[in-house]
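Shown next: upload.txt, given as compact mmCIF, C-alpha atoms.
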# COMPACT_ATOMS: atom_id res chain seq x y z
CA MET A 64 0.00 0.00 0.00
CA ARG A 65 1.16 3.52 -0.79
CA THR A 66 0.99 5.93 2.15
CA ILE A 67 0.93 9.70 1.69
CA LEU A 68 1.31 11.80 4.84
CA ILE A 69 -0.09 15.30 4.36
CA THR A 70 0.64 18.23 6.66
CA GLY A 71 1.23 21.95 6.60
CA PRO A 72 1.01 25.07 8.74
CA GLY A 73 -2.24 25.67 10.58
CA GLY A 74 -4.75 27.34 8.27
CA SER A 75 -2.96 26.26 5.09
CA GLY A 76 -5.85 24.06 3.95
CA ARG A 77 -4.02 20.77 4.48
CA THR A 78 -7.21 18.84 5.34
CA THR A 79 -8.94 20.12 2.20
CA ILE A 80 -5.93 19.14 0.08
CA ALA A 81 -5.83 15.71 1.75
CA SER A 82 -9.52 15.25 0.95
CA ALA A 83 -9.01 16.37 -2.66
CA THR A 84 -6.00 14.04 -3.03
CA ALA A 85 -7.98 11.07 -1.72
CA LEU A 86 -11.00 11.91 -3.89
CA ARG A 87 -8.87 12.18 -7.05
CA ALA A 88 -7.26 8.80 -6.42
CA ALA A 89 -10.65 7.21 -5.74
CA ALA A 90 -12.06 8.71 -8.96
CA GLU A 91 -9.25 6.92 -10.82
CA GLY A 92 -10.36 3.61 -9.33
CA VAL A 93 -7.75 3.39 -6.59
CA ARG A 94 -9.14 1.93 -3.37
CA THR A 95 -8.38 4.77 -0.99
CA LEU A 96 -8.65 5.34 2.75
CA LEU A 97 -8.51 8.90 4.09
CA LEU A 98 -7.39 8.83 7.73
CA SER A 99 -7.79 12.19 9.47
CA ALA A 100 -6.49 13.49 12.79
CA ASP A 101 -8.88 16.44 12.63
CA ARG A 102 -11.00 16.72 15.76
CA THR A 103 -13.83 18.43 13.91
CA ASP A 104 -15.41 17.18 10.73
CA THR A 105 -13.36 19.32 8.34
CA PRO A 106 -12.94 16.39 5.90
CA GLY A 107 -16.72 15.95 5.88
CA VAL A 108 -17.25 19.64 5.14
CA ALA A 109 -14.81 19.46 2.23
CA LEU A 110 -16.25 16.23 0.84
CA GLY A 111 -19.85 17.25 1.39
CA THR A 112 -20.64 14.21 3.54
CA GLY A 113 -20.28 13.60 7.26
CA THR A 114 -17.41 11.53 8.65
CA GLY A 115 -16.90 10.00 12.09
CA PRO A 116 -15.15 7.46 14.31
CA ALA A 117 -16.21 4.50 12.18
CA PRO A 118 -14.78 4.08 8.67
CA ALA A 119 -17.48 5.06 6.18
CA GLU A 120 -17.74 5.28 2.42
CA ALA A 121 -17.72 8.90 1.24
CA ALA A 122 -17.59 8.15 -2.51
CA PRO A 123 -16.97 5.14 -4.73
CA CYS A 124 -13.56 3.64 -3.79
CA LEU A 125 -13.14 6.22 -0.98
CA THR A 126 -13.45 5.48 2.74
CA VAL A 127 -12.96 8.14 5.42
CA TRP A 128 -12.02 7.50 9.05
CA ARG A 129 -11.62 9.94 11.94
CA PRO A 130 -10.64 7.81 14.97
CA ASP A 131 -12.16 8.63 18.35
CA ALA A 132 -9.20 9.10 20.71
CA THR A 133 -11.43 9.22 23.80
CA GLU A 134 -13.05 5.84 23.14
CA ARG A 135 -9.71 4.23 22.23
CA PHE A 136 -8.18 5.52 25.47
CA ARG A 137 -11.08 4.11 27.48
CA GLN A 138 -10.60 0.71 25.87
CA ASP A 139 -6.86 0.77 26.53
CA LEU A 140 -7.28 1.78 30.18
CA THR A 141 -9.92 -0.88 30.75
CA ALA A 142 -7.58 -3.53 29.31
CA PHE A 143 -4.69 -2.15 31.40
CA GLN A 144 -6.74 -2.41 34.63
CA HIS A 145 -7.71 -5.98 33.76
CA ARG A 146 -4.08 -7.04 33.20
CA ALA A 147 -2.90 -5.25 36.34
CA ALA A 148 -5.74 -6.53 38.54
CA ASN A 149 -3.47 -8.35 41.02
CA VAL A 150 -1.20 -5.37 41.51
CA LEU A 151 -4.11 -2.93 41.85
CA ASP A 152 -5.80 -5.20 44.42
CA LEU A 153 -2.54 -5.47 46.34
CA LEU A 154 -2.28 -1.68 46.48
CA GLY A 155 -5.93 -1.29 47.39
CA ALA A 156 -6.49 0.91 44.34
CA ALA A 157 -10.01 1.80 43.23
CA ARG A 158 -10.49 1.08 39.56
CA LEU A 159 -11.80 3.67 37.16
CA ASP A 160 -15.08 3.19 35.33
CA ALA A 161 -15.03 3.79 31.60
CA GLU A 162 -17.54 6.64 31.95
CA GLU A 163 -15.18 8.71 34.12
CA VAL A 164 -12.16 8.39 31.85
CA THR A 165 -10.96 11.36 29.80
CA PRO A 166 -7.83 11.21 27.63
CA LEU A 167 -4.53 12.24 29.22
CA PRO A 168 -2.03 14.44 27.36
CA GLY A 169 -0.44 12.34 24.64
CA ALA A 170 -3.26 9.79 24.54
CA GLU A 171 -4.74 11.30 21.40
CA GLU A 172 -1.41 11.07 19.57
CA LEU A 173 -0.87 7.44 20.58
CA SER A 174 -4.42 6.57 19.57
CA PHE A 175 -3.91 8.10 16.14
CA LEU A 176 -0.61 6.26 15.65
CA ARG A 177 -2.33 2.96 16.39
CA ALA A 178 -5.04 3.85 13.89
CA LEU A 179 -2.33 4.63 11.34
CA ARG A 180 -0.79 1.23 11.94
CA ASP A 181 -4.14 -0.54 11.63
CA ALA A 182 -4.97 1.33 8.43
CA ALA A 183 -1.60 0.62 6.84
CA LEU A 184 -1.88 -3.10 7.59
CA CYS A 185 -5.37 -3.37 6.11
CA ASP A 186 -5.43 -5.12 2.74
CA ARG A 187 -8.73 -3.53 1.63
CA TYR A 188 -7.02 -0.42 0.26
CA ASP A 189 -4.31 0.47 -2.25
CA LEU A 190 -3.66 4.02 -1.02
CA LEU A 191 -3.66 5.53 2.46
CA VAL A 192 -3.92 9.32 2.62
CA VAL A 193 -3.14 10.58 6.12
CA ASP A 194 -4.37 14.02 7.15
CA LEU A 195 -1.84 14.82 9.87
CA PRO A 196 -2.08 17.63 12.46
CA PRO A 197 -0.46 21.02 11.67
CA LEU A 198 3.29 20.99 11.12
CA SER A 199 4.60 21.31 14.67
CA GLY A 200 2.28 18.60 15.95
CA ALA A 201 2.89 16.40 12.90
CA LEU A 202 6.67 16.48 13.28
CA ALA A 203 6.39 15.60 16.97
CA LEU A 204 3.91 12.83 16.16
CA LEU A 205 6.17 11.27 13.51
CA GLY A 206 9.08 11.12 15.97
CA LEU A 207 7.02 9.68 18.83
CA PRO A 208 7.30 5.93 18.02
CA GLU A 209 11.10 5.97 17.83
CA GLU A 210 11.46 8.05 20.98
CA LEU A 211 9.05 5.94 23.03
CA ARG A 212 10.76 2.73 21.95
CA ARG A 213 14.10 4.16 23.04
CA TYR A 214 12.67 5.09 26.45
CA LEU A 215 11.23 1.60 26.87
CA ARG A 216 14.54 -0.06 26.02
CA ARG A 217 16.40 2.14 28.49
CA LEU A 218 13.90 1.80 31.34
CA LEU A 219 13.01 -1.86 30.80
CA PRO A 220 15.87 -3.56 28.90
CA PRO A 221 14.61 -6.86 27.44
CA GLU A 222 17.73 -8.67 28.65
CA ARG A 223 16.65 -8.07 32.26
CA GLN A 224 13.98 -10.72 31.74
CA ALA A 225 16.76 -13.30 31.95
CA ALA A 226 16.41 -13.14 35.75
CA ARG A 227 12.84 -14.48 35.60
CA ALA A 228 13.76 -17.60 37.62
CA LEU A 229 14.81 -15.41 40.56
CA ARG A 230 11.55 -13.50 40.81
CA PRO A 231 9.67 -16.00 43.03
CA VAL A 232 12.60 -15.91 45.45
CA LEU A 233 12.70 -12.13 45.40
CA GLY A 234 8.95 -12.04 45.92
CA ARG A 235 9.21 -14.23 49.05
CA LEU A 236 12.06 -12.12 50.39
CA ALA A 237 10.15 -8.90 49.81
CA GLY A 238 6.90 -10.36 51.12
CA VAL A 239 4.87 -9.11 48.14
CA PRO A 240 4.19 -10.45 44.64
CA MET A 241 6.63 -9.18 42.05
CA PRO A 242 4.92 -7.52 39.07
CA ALA A 243 7.95 -7.87 36.79
CA ASP A 244 6.41 -10.43 34.42
CA TRP A 245 3.37 -8.25 33.77
CA LEU A 246 5.51 -5.13 33.46
CA TYR A 247 7.89 -6.64 30.91
CA GLU A 248 5.07 -8.22 28.94
CA THR A 249 3.35 -4.83 28.70
CA ALA A 250 6.58 -3.16 27.61
CA ALA A 251 7.14 -5.86 24.99
CA ARG A 252 3.61 -5.42 23.63
CA TRP A 253 4.08 -1.65 23.39
CA ASP A 254 7.41 -2.15 21.68
CA VAL A 255 5.84 -4.38 19.05
CA GLU A 256 3.03 -1.88 18.39
CA LEU A 257 5.42 1.07 18.15
CA ALA A 258 7.76 -0.91 15.90
CA ALA A 259 4.84 -1.55 13.53
CA VAL A 260 4.17 2.20 13.30
CA GLU A 261 7.89 2.85 12.73
CA ALA A 262 7.85 0.31 9.92
CA VAL A 263 5.00 2.17 8.20
CA LEU A 264 6.85 5.49 8.42
CA ALA A 265 10.13 3.96 7.23
CA ASP A 266 8.54 2.05 4.34
CA ARG A 267 9.81 3.09 0.91
CA ASP A 268 6.17 3.46 -0.20
CA THR A 269 5.58 6.17 2.42
CA ALA A 270 6.14 9.82 1.53
CA VAL A 271 5.18 13.26 2.79
CA ARG A 272 3.23 15.91 0.91
CA LEU A 273 3.51 19.45 2.30
CA VAL A 274 0.78 22.06 1.93
CA ALA A 275 1.47 25.79 2.37
CA GLU A 276 0.31 29.12 1.06
CA PRO A 277 3.09 30.86 -0.89
CA GLY A 278 4.41 33.82 1.08
CA PRO A 279 7.01 34.63 3.75
CA ALA A 280 5.25 32.68 6.52
CA GLY A 281 4.69 29.69 4.26
CA ALA A 282 8.30 29.76 3.07
CA ASP A 283 9.63 29.73 6.64
CA ALA A 284 7.28 26.89 7.60
CA VAL A 285 8.28 24.78 4.59
CA ARG A 286 12.00 25.33 5.21
CA THR A 287 11.61 24.24 8.82
CA ALA A 288 9.39 21.27 7.93
CA VAL A 289 11.75 19.90 5.26
CA LEU A 290 14.63 19.99 7.75
CA GLY A 291 12.59 18.25 10.45
CA LEU A 292 11.39 15.57 8.02
CA ALA A 293 14.91 15.00 6.69
CA LEU A 294 16.24 14.47 10.21
CA ARG A 295 13.59 11.76 10.58
CA GLY A 296 14.62 10.18 7.28
CA LEU A 297 11.37 11.17 5.54
CA ARG A 298 11.32 12.55 2.01
CA THR A 299 9.01 15.30 0.77
CA GLU A 300 7.11 13.86 -2.20
CA ALA A 301 5.59 17.16 -3.33
CA LEU A 302 4.92 20.69 -2.17
CA VAL A 303 1.39 21.92 -2.78
CA ALA A 304 1.21 25.70 -3.02
CA ASN A 305 -2.37 26.29 -1.95
CA ARG A 306 -4.72 29.20 -2.67
CA VAL A 307 -2.65 30.66 -5.50
CA LEU A 308 -4.20 33.83 -6.93
CA PRO A 309 -4.76 34.14 -10.70
CA ASP A 310 -2.50 36.49 -12.64
CA THR A 311 -5.54 38.64 -13.41
CA ALA A 312 -6.44 39.18 -9.74
CA PRO A 313 -7.98 42.67 -9.57
CA GLY A 314 -7.38 45.32 -6.94
CA SER A 315 -4.30 47.21 -5.79
CA TRP A 316 -3.95 45.31 -2.50
CA LEU A 317 -4.19 41.98 -4.32
CA ALA A 318 -1.37 43.07 -6.64
CA GLY A 319 1.06 43.15 -3.71
CA LEU A 320 -0.12 39.76 -2.47
CA LEU A 321 0.15 38.32 -5.98
CA ALA A 322 3.75 39.57 -6.34
CA GLN A 323 4.59 38.04 -2.97
CA GLN A 324 3.13 34.71 -4.02
CA ARG A 325 4.98 34.72 -7.35
CA LYS A 326 8.32 35.38 -5.64
CA THR A 327 7.82 32.52 -3.17
CA LEU A 328 6.71 30.15 -5.94
CA ALA A 329 9.83 30.96 -7.97
CA ASP A 330 12.03 30.23 -4.93
CA TRP A 331 10.22 26.99 -4.19
CA GLN A 332 10.50 25.74 -7.76
CA GLU A 333 14.30 25.81 -7.47
CA SER A 334 14.25 23.23 -4.68
CA TYR A 335 10.96 21.32 -4.63
CA ASP A 336 8.43 19.58 -6.84
CA VAL A 337 5.84 22.37 -6.61
CA HIS A 338 2.18 22.09 -7.62
CA ALA A 339 0.11 25.28 -7.58
CA VAL A 340 -3.51 24.88 -6.50
CA PRO A 341 -5.81 27.80 -7.42
CA HIS A 342 -7.77 29.94 -5.02
CA LEU A 343 -11.46 29.32 -5.73
CA GLY A 344 -12.55 32.55 -4.11
CA ARG A 345 -14.42 30.50 -1.47
CA ASP A 346 -13.89 27.58 0.85
CA PRO A 347 -14.13 24.35 -1.19
CA HIS A 348 -17.24 22.31 -0.44
CA GLY A 349 -18.24 19.11 -2.17
CA PRO A 350 -16.70 16.89 -4.87
CA ASP A 351 -16.99 19.48 -7.64
CA ASP A 352 -15.00 22.10 -5.72
CA LEU A 353 -12.36 19.52 -4.74
CA ALA A 354 -12.02 18.44 -8.37
CA ALA A 355 -11.60 22.10 -9.39
CA LEU A 356 -8.54 22.32 -7.15
CA ALA A 357 -6.73 20.00 -9.57
CA VAL A 358 -4.41 18.59 -6.92
CA PRO A 359 -1.51 16.50 -8.25
CA ALA A 360 -1.89 12.76 -8.54
CA VAL A 361 0.03 10.58 -6.14
CA ASN A 362 3.49 10.13 -7.61
CA PRO A 363 5.35 6.84 -7.84
CA ALA A 364 7.27 6.03 -4.68
CA PRO A 365 10.25 8.40 -4.38
CA ASP A 366 13.74 7.10 -3.79
CA PRO A 367 14.18 6.26 -0.10
CA VAL A 368 16.25 8.58 2.06
CA GLU A 369 19.67 7.07 2.65
CA TRP A 370 22.40 7.92 5.15
CA PRO A 371 25.35 6.11 3.57
CA VAL A 372 28.78 5.56 5.11
CA ALA A 373 31.62 6.18 2.65
CA ASP A 374 34.88 4.29 3.16
CA ARG A 375 37.75 6.73 2.69
CA ILE A 376 40.25 4.95 4.89
CA ALA A 377 42.65 4.30 2.02
CA GLU A 378 42.60 7.95 0.87
CA ASP A 379 42.11 9.96 4.07
CA GLY A 380 42.12 7.44 6.92
CA VAL A 381 38.45 8.09 7.77
CA LEU A 382 34.91 6.83 7.29
CA VAL A 383 32.41 9.54 6.33
CA TRP A 384 28.75 9.37 7.32
CA HIS A 385 26.56 11.38 4.90
CA LEU A 386 23.31 12.78 6.34
CA PRO A 387 21.14 14.87 3.97
CA LEU A 388 19.73 17.81 5.95
CA PRO A 389 18.34 20.34 3.44
CA GLY A 390 17.85 23.74 5.00
CA ALA A 391 20.24 23.13 7.88
CA ILE A 392 22.29 26.12 9.09
CA ARG A 393 25.84 25.56 10.28
CA ASN A 394 25.60 27.49 13.54
CA GLU A 395 22.34 25.69 14.44
CA LEU A 396 23.89 22.21 14.21
CA ASP A 397 25.21 20.29 17.20
CA LEU A 398 26.51 16.73 17.58
CA VAL A 399 27.10 14.74 20.76
CA ARG A 400 28.43 11.18 20.83
CA ARG A 401 27.00 9.02 23.62
CA GLY A 402 28.28 5.47 23.48
CA ASP A 403 26.86 3.85 20.35
CA GLU A 404 24.44 6.71 19.70
CA LEU A 405 24.71 10.16 18.18
CA LEU A 406 22.56 13.04 19.38
CA ILE A 407 21.91 15.35 16.42
CA THR A 408 20.46 18.84 16.90
CA ALA A 409 19.42 20.71 13.75
CA GLY A 410 17.64 24.00 14.37
CA PRO A 411 14.62 23.31 16.61
CA PHE A 412 14.83 19.53 16.08
CA ARG A 413 16.74 16.83 17.90
CA ARG A 414 17.11 13.14 17.25
CA ILE A 415 19.15 10.39 18.87
CA VAL A 416 20.22 7.83 16.29
CA PRO A 417 22.18 4.59 16.69
CA LEU A 418 25.53 4.55 14.92
CA PRO A 419 26.01 2.08 12.07
CA SER A 420 27.95 -0.94 13.32
CA ALA A 421 31.21 0.04 11.58
CA LEU A 422 31.18 3.50 13.17
CA ARG A 423 30.77 2.16 16.69
CA ARG A 424 34.42 1.12 16.57
CA CYS A 425 35.51 4.62 15.60
CA THR A 426 35.99 8.00 17.19
CA VAL A 427 34.46 11.21 15.82
CA ALA A 428 37.12 13.18 13.95
CA GLY A 429 35.01 16.15 12.83
CA ALA A 430 32.01 17.21 10.77
CA GLY A 431 31.07 19.70 8.08
CA LEU A 432 27.96 20.95 6.30
CA LEU A 433 28.14 21.17 2.51
CA ASP A 434 25.24 21.80 0.11
CA GLY A 435 22.60 20.71 2.63
CA GLU A 436 24.46 17.54 3.61
CA LEU A 437 26.05 16.89 6.99
CA ARG A 438 29.25 14.87 6.65
CA ILE A 439 30.61 13.36 9.86
CA ARG A 440 34.15 11.95 9.80
CA PHE A 441 35.10 8.96 11.93
CA THR A 442 38.58 7.63 12.61
CA PRO A 443 38.93 3.87 13.26
CA ASP A 444 39.92 3.03 16.82
CA PRO A 445 43.12 0.97 16.48
CA ASP A 446 42.20 -1.11 19.54
CA LEU A 447 38.86 -2.13 17.98
CA TRP A 448 39.42 -2.00 14.22
CA PRO A 449 40.73 -5.20 12.59
CA GLY A 450 44.21 -4.87 11.17
CA THR A 451 44.98 -1.48 12.70
CA GLY A 452 45.79 -2.46 16.28
CA ARG A 453 49.01 -1.38 17.91
Written as structure tokens, how would this file's structure read?
Amino acid sequence: MRTILITGPGGSGRTTIASATALRAAAEGVRTLLLSADRTDTPGVALGTGTGPAPAEAAPCLTVWRPDATERFRQDLTAFQHRAANVLDLLGAARLDAEEVTPLPGAEELSFLRALRDAALCDRYDLLVVDLPPLSGALALLGLPEELRRYLRRLLPPERQAARALRPVLGRLAGVPMPADWLYETAARWDVELAAVEAVLADRDTAVRLVAEPGPAGADAVRTAVLGLALRGLRTEALVANRVLPDTAPGSWLAGLLAQQRKTLADWQESYDVHAVPHLGRDPHGPDDLAALAVPAVNPAPDPVEWPVADRIAEDGVLVWHLPLPGAIRNELDLVRRGDELLITAGPFRRIVPLPSALRRCTVAGAGLLDGELRIRFTPDPDLWPGTGR
């Protein structure tokens, strides 16, 4: 299944573009699912038909789904209380009824990620169009599975389960049942679910489509978004310039706005695959208006983002790790080596990535930024590198 993740600055019309993209694919006979994170029924307004927490057909070959985070959280908490019944009884804890449960911060994001996983694994569709939250929330959401899995591995390392035979003894010594089995089983289940979401995001058939209005604010948002996506290893499939004014737009104040849009479009076309979507003079409503937007078709899967390691030991005595970071600024980059991981800060974004196996036996020798690519040099450690020991 192809997966297209669509996001943009708040107010850019990303949900409308996502709806138009899904509707165009469905009109071409592609079995399409539109998955929306929108709390209100903006997709339904655009499509001219209501949408809700249950997947429903909005047009031939088009299904729309807006998951209910509150209900999903209730189900998860009920299951959690059932699995932890012994521990809760031991502590004398009063269990929560489903009716009194409201989502905690972060629950909505986790619920949507699970829905994304379920949708991507469904074999009823050929294309999944994902209407993500606005840019800042979308970038945080896309990094959540990797970060949570890292926290789980640090707090509950799987190898600690090797001491399972000692737990009954420890329980007798402590005088209370040990909840370790349940705790590790829960962590393992979460890890599997998060890994499935990571696999969807890392799949070569997954790409991102950005939506922005051409102008200074849109240009800044796109520049920031492309950098954040690149740090996550996600490629921008297309940039949709939304609400573009016609060249014949009347009025003196529109002339200034039109010139501003044209300048931004010219700049974007030098770096991105840009598709201009016209301003209809009104908010799009219904299939006819969405068709009039003439959004681009879903492109073939782009080349996957690669972070290759170049062997330059024979020439320069180093290995070079190439990380494409378009839009990165030299004085906003920072690198910190921590064991077998590298903490990368690029502008407002940060990611901790594991080093490729060959680089774990090296020391960092330096780094440089050239043409939007970060190149980190590593020197082999003679005590660890075959054939170079003292």
Taking only C-alpha atoms into account, name the residue in A:Asp310, A:Asp254, A:Glu436, A:Glu171 that is nearest to A:Arg325.
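Nearest to A:Arg325: A:Asp310.
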Calculate how many Å separate atom CA of A:Leu294 from atom CA of A:Glu209, rounding to one decimal.
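Between these atoms lies a distance of 12.5 Å.
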Nearest-residue call for A:Ala265, choices A:Glu369, A:Glu404, A:Asp131, A:Asp186, using all atoms listed in the file
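Smallest separation from A:Ala265 among the options: A:Glu369.
By chain and then residue number, the residues within 8 Å of A:Gly115 are Asp104, Gly113, Ala117, Pro118, Ala119, Val127, Trp128, Arg129, Pro130 and Asp131 of chain A, counting all atoms listed in the file and disregarding those fewer than 2 positions away in sequence.
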Using atom CA of A:Leu302 and atom CA of A:Val93 as the two end points, give the distance in Å to one decimal.
21.9 Å
Calculate how many Å separate atom CA of A:Pro116 from atom CA of A:Arg65, rounding to one decimal.
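Between atom CA of A:Pro116 and atom CA of A:Arg65 the gap is 22.6 Å.
Proximity ranking of A:Leu386, A:Ala90, A:Val263, A:Ala109 relative to A:Arg345 places A:Ala109 first, based on all atoms listed in the file.
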Spatial neighbours of A:Ala301, 9 Å, only C-alpha atoms, chain gap at least 6 places, as a ChimeraX atom specification:
/A:270-274,335-338,359,362
For A:Asp268, which residue among A:Ala132, A:Ala121, A:Val361, A:Ala81 is the nearest when counting all atoms listed in the file?
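Comparing A:Ala132, A:Ala121, A:Val361, A:Ala81 against A:Asp268, the winner is A:Val361.
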Mind checking which residues fall within 12 Å of stretch 405-418 of chain A, counting only C-alpha atoms, ignoring those fewer than 3 positions away in the same chain, and posting them as a PyMOL selection string?
chain A and resi 199+202-203+205-207+209-214+286-296+370-372+384+386-402+421-427+430+432+435-437+439+441
Would you output that residue set with C-alpha atoms, as a PDB file, in the coordinates of the input?
ATOM      1  CA  SER A 199       4.600  21.310  14.670  1.00  0.00           C
ATOM      2  CA  LEU A 202       6.670  16.480  13.280  1.00  0.00           C
ATOM      3  CA  ALA A 203       6.390  15.600  16.970  1.00  0.00           C
ATOM      4  CA  LEU A 205       6.170  11.270  13.510  1.00  0.00           C
ATOM      5  CA  GLY A 206       9.080  11.120  15.970  1.00  0.00           C
ATOM      6  CA  LEU A 207       7.020   9.680  18.830  1.00  0.00           C
ATOM      7  CA  GLU A 209      11.100   5.970  17.830  1.00  0.00           C
ATOM      8  CA  GLU A 210      11.460   8.050  20.980  1.00  0.00           C
ATOM      9  CA  LEU A 211       9.050   5.940  23.030  1.00  0.00           C
ATOM     10  CA  ARG A 212      10.760   2.730  21.950  1.00  0.00           C
ATOM     11  CA  ARG A 213      14.100   4.160  23.040  1.00  0.00           C
ATOM     12  CA  TYR A 214      12.670   5.090  26.450  1.00  0.00           C
ATOM     13  CA  ARG A 286      12.000  25.330   5.210  1.00  0.00           C
ATOM     14  CA  THR A 287      11.610  24.240   8.820  1.00  0.00           C
ATOM     15  CA  ALA A 288       9.390  21.270   7.930  1.00  0.00           C
ATOM     16  CA  VAL A 289      11.750  19.900   5.260  1.00  0.00           C
ATOM     17  CA  LEU A 290      14.630  19.990   7.750  1.00  0.00           C
ATOM     18  CA  GLY A 291      12.590  18.250  10.450  1.00  0.00           C
ATOM     19  CA  LEU A 292      11.390  15.570   8.020  1.00  0.00           C
ATOM     20  CA  ALA A 293      14.910  15.000   6.690  1.00  0.00           C
ATOM     21  CA  LEU A 294      16.240  14.470  10.210  1.00  0.00           C
ATOM     22  CA  ARG A 295      13.590  11.760  10.580  1.00  0.00           C
ATOM     23  CA  GLY A 296      14.620  10.180   7.280  1.00  0.00           C
ATOM     24  CA  TRP A 370      22.400   7.920   5.150  1.00  0.00           C
ATOM     25  CA  PRO A 371      25.350   6.110   3.570  1.00  0.00           C
ATOM     26  CA  VAL A 372      28.780   5.560   5.110  1.00  0.00           C
ATOM     27  CA  TRP A 384      28.750   9.370   7.320  1.00  0.00           C
ATOM     28  CA  LEU A 386      23.310  12.780   6.340  1.00  0.00           C
ATOM     29  CA  PRO A 387      21.140  14.870   3.970  1.00  0.00           C
ATOM     30  CA  LEU A 388      19.730  17.810   5.950  1.00  0.00           C
ATOM     31  CA  PRO A 389      18.340  20.340   3.440  1.00  0.00           C
ATOM     32  CA  GLY A 390      17.850  23.740   5.000  1.00  0.00           C
ATOM     33  CA  ALA A 391      20.240  23.130   7.880  1.00  0.00           C
ATOM     34  CA  ILE A 392      22.290  26.120   9.090  1.00  0.00           C
ATOM     35  CA  ARG A 393      25.840  25.560  10.280  1.00  0.00           C
ATOM     36  CA  ASN A 394      25.600  27.490  13.540  1.00  0.00           C
ATOM     37  CA  GLU A 395      22.340  25.690  14.440  1.00  0.00           C
ATOM     38  CA  LEU A 396      23.890  22.210  14.210  1.00  0.00           C
ATOM     39  CA  ASP A 397      25.210  20.290  17.200  1.00  0.00           C
ATOM     40  CA  LEU A 398      26.510  16.730  17.580  1.00  0.00           C
ATOM     41  CA  VAL A 399      27.100  14.740  20.760  1.00  0.00           C
ATOM     42  CA  ARG A 400      28.430  11.180  20.830  1.00  0.00           C
ATOM     43  CA  ARG A 401      27.000   9.020  23.620  1.00  0.00           C
ATOM     44  CA  GLY A 402      28.280   5.470  23.480  1.00  0.00           C
ATOM     45  CA  ALA A 421      31.210   0.040  11.580  1.00  0.00           C
ATOM     46  CA  LEU A 422      31.180   3.500  13.170  1.00  0.00           C
ATOM     47  CA  ARG A 423      30.770   2.160  16.690  1.00  0.00           C
ATOM     48  CA  ARG A 424      34.420   1.120  16.570  1.00  0.00           C
ATOM     49  CA  CYS A 425      35.510   4.620  15.600  1.00  0.00           C
ATOM     50  CA  THR A 426      35.990   8.000  17.190  1.00  0.00           C
ATOM     51  CA  VAL A 427      34.460  11.210  15.820  1.00  0.00           C
ATOM     52  CA  ALA A 430      32.010  17.210  10.770  1.00  0.00           C
ATOM     53  CA  LEU A 432      27.960  20.950   6.300  1.00  0.00           C
ATOM     54  CA  GLY A 435      22.600  20.710   2.630  1.00  0.00           C
ATOM     55  CA  GLU A 436      24.460  17.540   3.610  1.00  0.00           C
ATOM     56  CA  LEU A 437      26.050  16.890   6.990  1.00  0.00           C
ATOM     57  CA  ILE A 439      30.610  13.360   9.860  1.00  0.00           C
ATOM     58  CA  PHE A 441      35.100   8.960  11.930  1.00  0.00           C
TER      59      PHE A 441
END
Do a neighbour search on A:Val307 at 6 Å with only C-alpha atoms, toss out local chain neighbours closer than 4 positions, and write the hits as a VMD selection string.
chain A and resid 340 to 342
Selected residue, from A:Asp379, A:Gly169, A:Leu190, A:Val368, that lies nearest to A:Leu97 when counting all atoms listed in the file
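Of A:Asp379, A:Gly169, A:Leu190, A:Val368, the one nearest A:Leu97 is A:Leu190, counting all atoms listed in the file.
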Best match for closeness to A:Asp346 among A:Gly278, A:Gly111, A:Pro367, A:Pro197, counting all atoms listed in the file
A:Gly111
Find the residues around A:Arg177 up to 12 Å (all atoms listed in the file counted), leave out those fewer than 3 positions away in its own chain, and share them as a tab-separated table (two decimals) with C-alpha atoms, in the frame of the given file.
chain	number	residue	atom	x	y	z
A	98	LEU	CA	-7.39	8.83	7.73
A	100	ALA	CA	-6.49	13.49	12.79
A	130	PRO	CA	-10.64	7.81	14.97
A	131	ASP	CA	-12.16	8.63	18.35
A	132	ALA	CA	-9.20	9.10	20.71
A	135	ARG	CA	-9.71	4.23	22.23
A	136	PHE	CA	-8.18	5.52	25.47
A	139	ASP	CA	-6.86	0.77	26.53
A	170	ALA	CA	-3.26	9.79	24.54
A	171	GLU	CA	-4.74	11.30	21.40
A	172	GLU	CA	-1.41	11.07	19.57
A	173	LEU	CA	-0.87	7.44	20.58
A	174	SER	CA	-4.42	6.57	19.57
A	180	ARG	CA	-0.79	1.23	11.94
A	181	ASP	CA	-4.14	-0.54	11.63
A	182	ALA	CA	-4.97	1.33	8.43
A	183	ALA	CA	-1.60	0.62	6.84
A	184	LEU	CA	-1.88	-3.10	7.59
A	204	LEU	CA	3.91	12.83	16.16
A	207	LEU	CA	7.02	9.68	18.83
A	208	PRO	CA	7.30	5.93	18.02
A	253	TRP	CA	4.08	-1.65	23.39
A	255	VAL	CA	5.84	-4.38	19.05
A	256	GLU	CA	3.03	-1.88	18.39
A	257	LEU	CA	5.42	1.07	18.15
A	258	ALA	CA	7.76	-0.91	15.90
A	259	ALA	CA	4.84	-1.55	13.53
A	260	VAL	CA	4.17	2.20	13.30
A	261	GLU	CA	7.89	2.85	12.73
A	263	VAL	CA	5.00	2.17	8.20
Axis-aligned box for all listed atoms of stretch 107-123 of chain A, 8 Å per side, centre and edges in Å to one decimal, as AutoDock Vina command-line options:
--center_x -17.7 --center_y 11.9 --center_z 4.8 --size_x 21.9 --size_y 31.6 --size_z 35.0
Place a sphere of radius 9 Å on (-1.8, 4.8, -1.8) in the file coordinates and name every protein, DNA or RNA residue with an atom inside or on its surface, counting all atoms listed in the file; give the answer as a count of residues only.
18
